[in-house]
Amino acid sequence: MTDLKRSWLASANSAETPFPLNNLPYGVFSSGDGARRMGTAIGDQVLDLTAMEADGLLSFGGTLGAGAWNGFMALGREAWARLRARLTEVLAEGGDQGLSRYLVPLANVVLHMPFNVTEYTDFYAGRHHASNVGTMFRGPENALPPNWLHIPIGYNGRASSVVVSGTDVIRPNGQIKGPNDDLPRFGPSRRFDIELEMGAIVGVPSTGPITVAEAFENIFGYVLLNDWSARDIQAWEYQPLGPFQAKATATTISPWIVTAAALEPFRTATPARETPLLDYLTEPGPMLYDIDLEVTMAPDGQAETVLSRTNYSVMYYSAAQQLAHHTSSGCPMRVGDLLGSGTISGPTKDSRGSLLELSWGGKEPITLTTGQIRSFVEDGDTLGLRGAAKGNGYQIGFGPCVGTLRPARPI
Ligand code: MN
């Protein structure tokens with residue numbers, strides 16, 4: 001396990017900060033004048049990289065003034081390594097304290113989408129989640145579809161639905177079939193849910209099939225991702241082509257891109273294979289990450305309850321395997337493509353990553369610490385995800401991934 005890299009900025013050396021010098025996540029912020037600026041979080045501050053490039057202290061072709069990280073990602077791995085090395089050097093103990101003039105307190109900034117989502121694909125790579133949902137939707141005999149242990153199942157989602165943490169989510173209307181009624185109705189979803197996921201961001205484009213090893217190198221970084229899901233709409237619409245409107249309302253991501261470089265010390269292998277994977281999906285090394293994850297719910301401004309605790313390392317397929325599979329048909333991938341991992345549920349009830357599983361389809365409602373009862377998300381509830389990779393005396397955090405549900409629009 002690696003140690004804390006000490007910074008001349010005291011708040012970055014705390015064991016509690018999500019943003020020690022080891023992290024250096026990339027985001028987009030505004031303050032005062034409202035202009036979007038690119039920065040890295042360090043301790044309780046954000047370092048204004050847009051201003052540093054404008055003043056000639058960094059040189060990345062003006063990409064740090066673009067208000068989104070796509071242009072920088074497109075510069076490629078040499079630029080990624082050069083910026084990280086430079087920031088690590090100047091922010092380290094004994095580095096350039098004159099840079100404190102480029103620091104802005106995190107408490108004073110508004111965070112925006114860190115990159116423009118080019119396209120969005122969501123996968124279904126959590127074995128416990130797939131088994132739980134399959135049991136509820138199809139019965140225990142058909143819990144895992146016959147393809148599941150061989151292929152990373154996914155669907156093409158909507159890039160337009162991806163929003164940054166803090167954005168309100170409006171309960172969707174949709175077509176819903178009653179339990180004993182053959183005819184569907186149109187109205188607000190009554191089984192609105194969340195999915196705890198990680199999002200992988202493609203930083204190097206590709207135009208044909210790539211290997212799992214190449215895919216791993218093409219991923220720039222990761223965010224927390226909440227794939228809001230209307231279960232009643234989903235149950236009616238999903239056969240035979242998969243999710244559509246049930247998943248198109250909103251997908252919330254955390255505001256900081258935590259780079260693959262920062263997560264390197266936390267690489268871990270996928271679980272043991274029940275059946276061997278085809279060669280093109282075999283990973284040449286550990287490509288998952290050991291990241292502790294939590295789901296929280298806070299009803300209408302009241303105290304939060306931690307609903308679930310799990311870890312990204314339980315996933316059956318890594319993002320690199322998903323990306324390699326995605327390209328296997330020749331599908332082009334572009335800078336800013338976002339890949340959702342699939343719901344991250346552990347083997348135990350208190351490690352499930354969706355309310356559908358936690359309340360077992362509403363049959364086992366959850367009691368919050370405030371005393372309220374929940375099976376799905378109610379109007380006014382704030383749902384949050386948290387994530388951190390734990391090092392020796394430090395952690396690599398992702399920042400908040402929260403959204404509050406607002407009432408459906410009148411039909
Ligand atoms: Mn999902």
# chains A, B, ... in the order shown; residues from 1 in each chain; ligands from 1

$ residues_near_ligand --ligand "ligand 1" --cutoff "12 Å" --atoms "only C-alpha atoms and all ligand atoms" --output "MDAnalysis selection string"
chainID A and resid 120:126 129:130 133 153:158 193:199 225:231 234 242:244 246:248 250:252 339:345 353:354

$ residues_around --residues "A:Asp96" --least-positions-apart "2" --cutoff "12 Å" --atoms "only C-alpha atoms" --output "PDB file with N, CA, C and O atoms, in the first residue's frame"
ATOM      1  N   SER A   7       2.068  17.576   0.821  1.00  0.00           N
ATOM      2  CA  SER A   7       2.008  18.840   0.106  1.00  0.00           C
ATOM      3  C   SER A   7       2.348  19.993   1.040  1.00  0.00           C
ATOM      4  O   SER A   7       2.199  19.876   2.264  1.00  0.00           O
ATOM      5  N   TRP A   8       2.778  21.133   0.461  1.00  0.00           N
ATOM      6  CA  TRP A   8       2.952  22.329   1.295  1.00  0.00           C
ATOM      7  C   TRP A   8       1.594  22.906   1.714  1.00  0.00           C
ATOM      8  O   TRP A   8       1.525  23.740   2.629  1.00  0.00           O
ATOM      9  N   LEU A   9       0.520  22.440   1.119  1.00  0.00           N
ATOM     10  CA  LEU A   9      -0.822  22.884   1.515  1.00  0.00           C
ATOM     11  C   LEU A   9      -1.309  21.945   2.621  1.00  0.00           C
ATOM     12  O   LEU A   9      -1.576  20.765   2.379  1.00  0.00           O
ATOM     13  N   LEU A  57       2.335  29.345 -17.049  1.00  0.00           N
ATOM     14  CA  LEU A  57       2.952  28.399 -16.116  1.00  0.00           C
ATOM     15  C   LEU A  57       2.720  26.948 -16.527  1.00  0.00           C
ATOM     16  O   LEU A  57       3.384  26.037 -16.014  1.00  0.00           O
ATOM     17  N   ARG A  86       3.861  17.488 -13.381  1.00  0.00           N
ATOM     18  CA  ARG A  86       4.112  18.909 -13.087  1.00  0.00           C
ATOM     19  C   ARG A  86       3.346  19.350 -11.831  1.00  0.00           C
ATOM     20  O   ARG A  86       3.899  20.021 -10.959  1.00  0.00           O
ATOM     21  N   LEU A  87       2.060  18.960 -11.737  1.00  0.00           N
ATOM     22  CA  LEU A  87       1.255  19.346 -10.574  1.00  0.00           C
ATOM     23  C   LEU A  87       1.790  18.686  -9.312  1.00  0.00           C
ATOM     24  O   LEU A  87       1.822  19.305  -8.240  1.00  0.00           O
ATOM     25  N   THR A  88       2.207  17.424  -9.425  1.00  0.00           N
ATOM     26  CA  THR A  88       2.762  16.718  -8.268  1.00  0.00           C
ATOM     27  C   THR A  88       4.014  17.436  -7.771  1.00  0.00           C
ATOM     28  O   THR A  88       4.214  17.626  -6.574  1.00  0.00           O
ATOM     29  N   GLU A  89       4.829  17.903  -8.719  1.00  0.00           N
ATOM     30  CA  GLU A  89       6.086  18.591  -8.366  1.00  0.00           C
ATOM     31  C   GLU A  89       5.820  19.931  -7.676  1.00  0.00           C
ATOM     32  O   GLU A  89       6.371  20.209  -6.610  1.00  0.00           O
ATOM     33  N   VAL A  90       4.952  20.738  -8.265  1.00  0.00           N
ATOM     34  CA  VAL A  90       4.793  22.100  -7.724  1.00  0.00           C
ATOM     35  C   VAL A  90       3.977  22.135  -6.438  1.00  0.00           C
ATOM     36  O   VAL A  90       4.100  23.064  -5.641  1.00  0.00           O
ATOM     37  N   LEU A  91       3.119  21.113  -6.234  1.00  0.00           N
ATOM     38  CA  LEU A  91       2.287  21.109  -5.029  1.00  0.00           C
ATOM     39  C   LEU A  91       2.910  20.309  -3.891  1.00  0.00           C
ATOM     40  O   LEU A  91       2.400  20.313  -2.767  1.00  0.00           O
ATOM     41  N   ALA A  92       4.018  19.624  -4.161  1.00  0.00           N
ATOM     42  CA  ALA A  92       4.660  18.809  -3.119  1.00  0.00           C
ATOM     43  C   ALA A  92       5.352  19.698  -2.092  1.00  0.00           C
ATOM     44  O   ALA A  92       5.642  20.873  -2.350  1.00  0.00           O
ATOM     45  N   GLU A  93       5.624  19.119  -0.940  1.00  0.00           N
ATOM     46  CA  GLU A  93       6.414  19.805   0.078  1.00  0.00           C
ATOM     47  C   GLU A  93       7.706  20.289  -0.565  1.00  0.00           C
ATOM     48  O   GLU A  93       8.377  19.531  -1.247  1.00  0.00           O
ATOM     49  N   GLY A  94       8.039  21.576  -0.345  1.00  0.00           N
ATOM     50  CA  GLY A  94       9.225  22.144  -0.975  1.00  0.00           C
ATOM     51  C   GLY A  94       8.950  22.662  -2.375  1.00  0.00           C
ATOM     52  O   GLY A  94       9.854  23.171  -3.043  1.00  0.00           O
ATOM     53  N   GLY A  98       4.289  29.955  -4.174  1.00  0.00           N
ATOM     54  CA  GLY A  98       3.776  31.127  -4.882  1.00  0.00           C
ATOM     55  C   GLY A  98       2.493  30.816  -5.636  1.00  0.00           C
ATOM     56  O   GLY A  98       1.720  31.720  -5.974  1.00  0.00           O
ATOM     57  N   LEU A  99       2.252  29.527  -5.886  1.00  0.00           N
ATOM     58  CA  LEU A  99       1.034  29.138  -6.603  1.00  0.00           C
ATOM     59  C   LEU A  99      -0.221  29.323  -5.754  1.00  0.00           C
ATOM     60  O   LEU A  99      -1.329  29.149  -6.251  1.00  0.00           O
ATOM     61  N   SER A 100      -0.037  29.653  -4.470  1.00  0.00           N
ATOM     62  CA  SER A 100      -1.222  29.818  -3.619  1.00  0.00           C
ATOM     63  C   SER A 100      -2.126  30.926  -4.164  1.00  0.00           C
ATOM     64  O   SER A 100      -3.314  30.949  -3.864  1.00  0.00           O
ATOM     65  N   ARG A 101      -1.584  31.798  -5.025  1.00  0.00           N
ATOM     66  CA  ARG A 101      -2.458  32.827  -5.616  1.00  0.00           C
ATOM     67  C   ARG A 101      -3.437  32.233  -6.634  1.00  0.00           C
ATOM     68  O   ARG A 101      -4.400  32.896  -7.017  1.00  0.00           O
ATOM     69  N   TYR A 102      -3.221  31.002  -7.046  1.00  0.00           N
ATOM     70  CA  TYR A 102      -4.151  30.338  -7.973  1.00  0.00           C
ATOM     71  C   TYR A 102      -5.127  29.408  -7.249  1.00  0.00           C
ATOM     72  O   TYR A 102      -5.866  28.678  -7.895  1.00  0.00           O
TER      73      TYR A 102
END

$ residues_around --residues "A:Gln302" --least-positions-apart "4" --cutoff "10 Å" --atoms "only C-alpha atoms" --output "list in words"
Met297, Ala298, Thr369, Thr370, Asp381 and Thr382 of chain A

$ select_by_dssp --residues "stretch 46-280 of chain A" --states "strand (DSSP E)" --output "MDAnalysis selection string"
chainID A and resid 46:48 103:105 110:112 120:123 154:156 162:164 169:170 173:177 184:188 192:193 196:202 219:227 229:230 251:253 258:259 267:268

$ residues_around --residues "A:Leu24" --least-positions-apart "3" --cutoff "8 Å" --atoms "only C-alpha atoms" --output "PDB file with C-alpha atoms, in the first residue's frame"
ATOM      1  CA  PHE A  19      -8.126  15.263  -2.328  1.00  0.00           C
ATOM      2  CA  PRO A  20      -4.544  14.643  -1.149  1.00  0.00           C
ATOM      3  CA  LEU A  21      -1.617  15.196  -3.522  1.00  0.00           C
ATOM      4  CA  THR A  40      -7.621  20.248  -9.830  1.00  0.00           C
ATOM      5  CA  ALA A  41      -8.838  19.695  -6.278  1.00  0.00           C
ATOM      6  CA  ILE A  42      -6.149  19.743  -3.601  1.00  0.00           C
ATOM      7  CA  ARG A  84       0.209  15.082 -13.446  1.00  0.00           C
ATOM      8  CA  LEU A  87       1.255  19.346 -10.574  1.00  0.00           C
ATOM      9  CA  VAL A 258     -10.299  10.708 -10.744  1.00  0.00           C
ATOM     10  CA  THR A 259      -7.567   9.631 -13.125  1.00  0.00           C
ATOM     11  CA  ALA A 262      -4.279   8.174  -9.276  1.00  0.00           C
TER      12      ALA A 262
END

$ residues_around --residues "A:Asn311" --least-positions-apart "3" --cutoff "8 Å" --atoms "only C-alpha atoms" --output "list of chain:residue names"
A:Asp290, A:Ile291, A:Asp292, A:Leu293, A:Val314, A:Ile344, A:Gly346

$ closest_residue --among "A:Ser329, A:Pro271, A:Ser359, A:Asp350" --to "A:Thr207" --atoms "only C-alpha atoms"
A:Ser329

$ atom_distance --atom1 "atom CA of A:Asn218" --atom2 "atom CA of A:Gly387"
22.3 Å
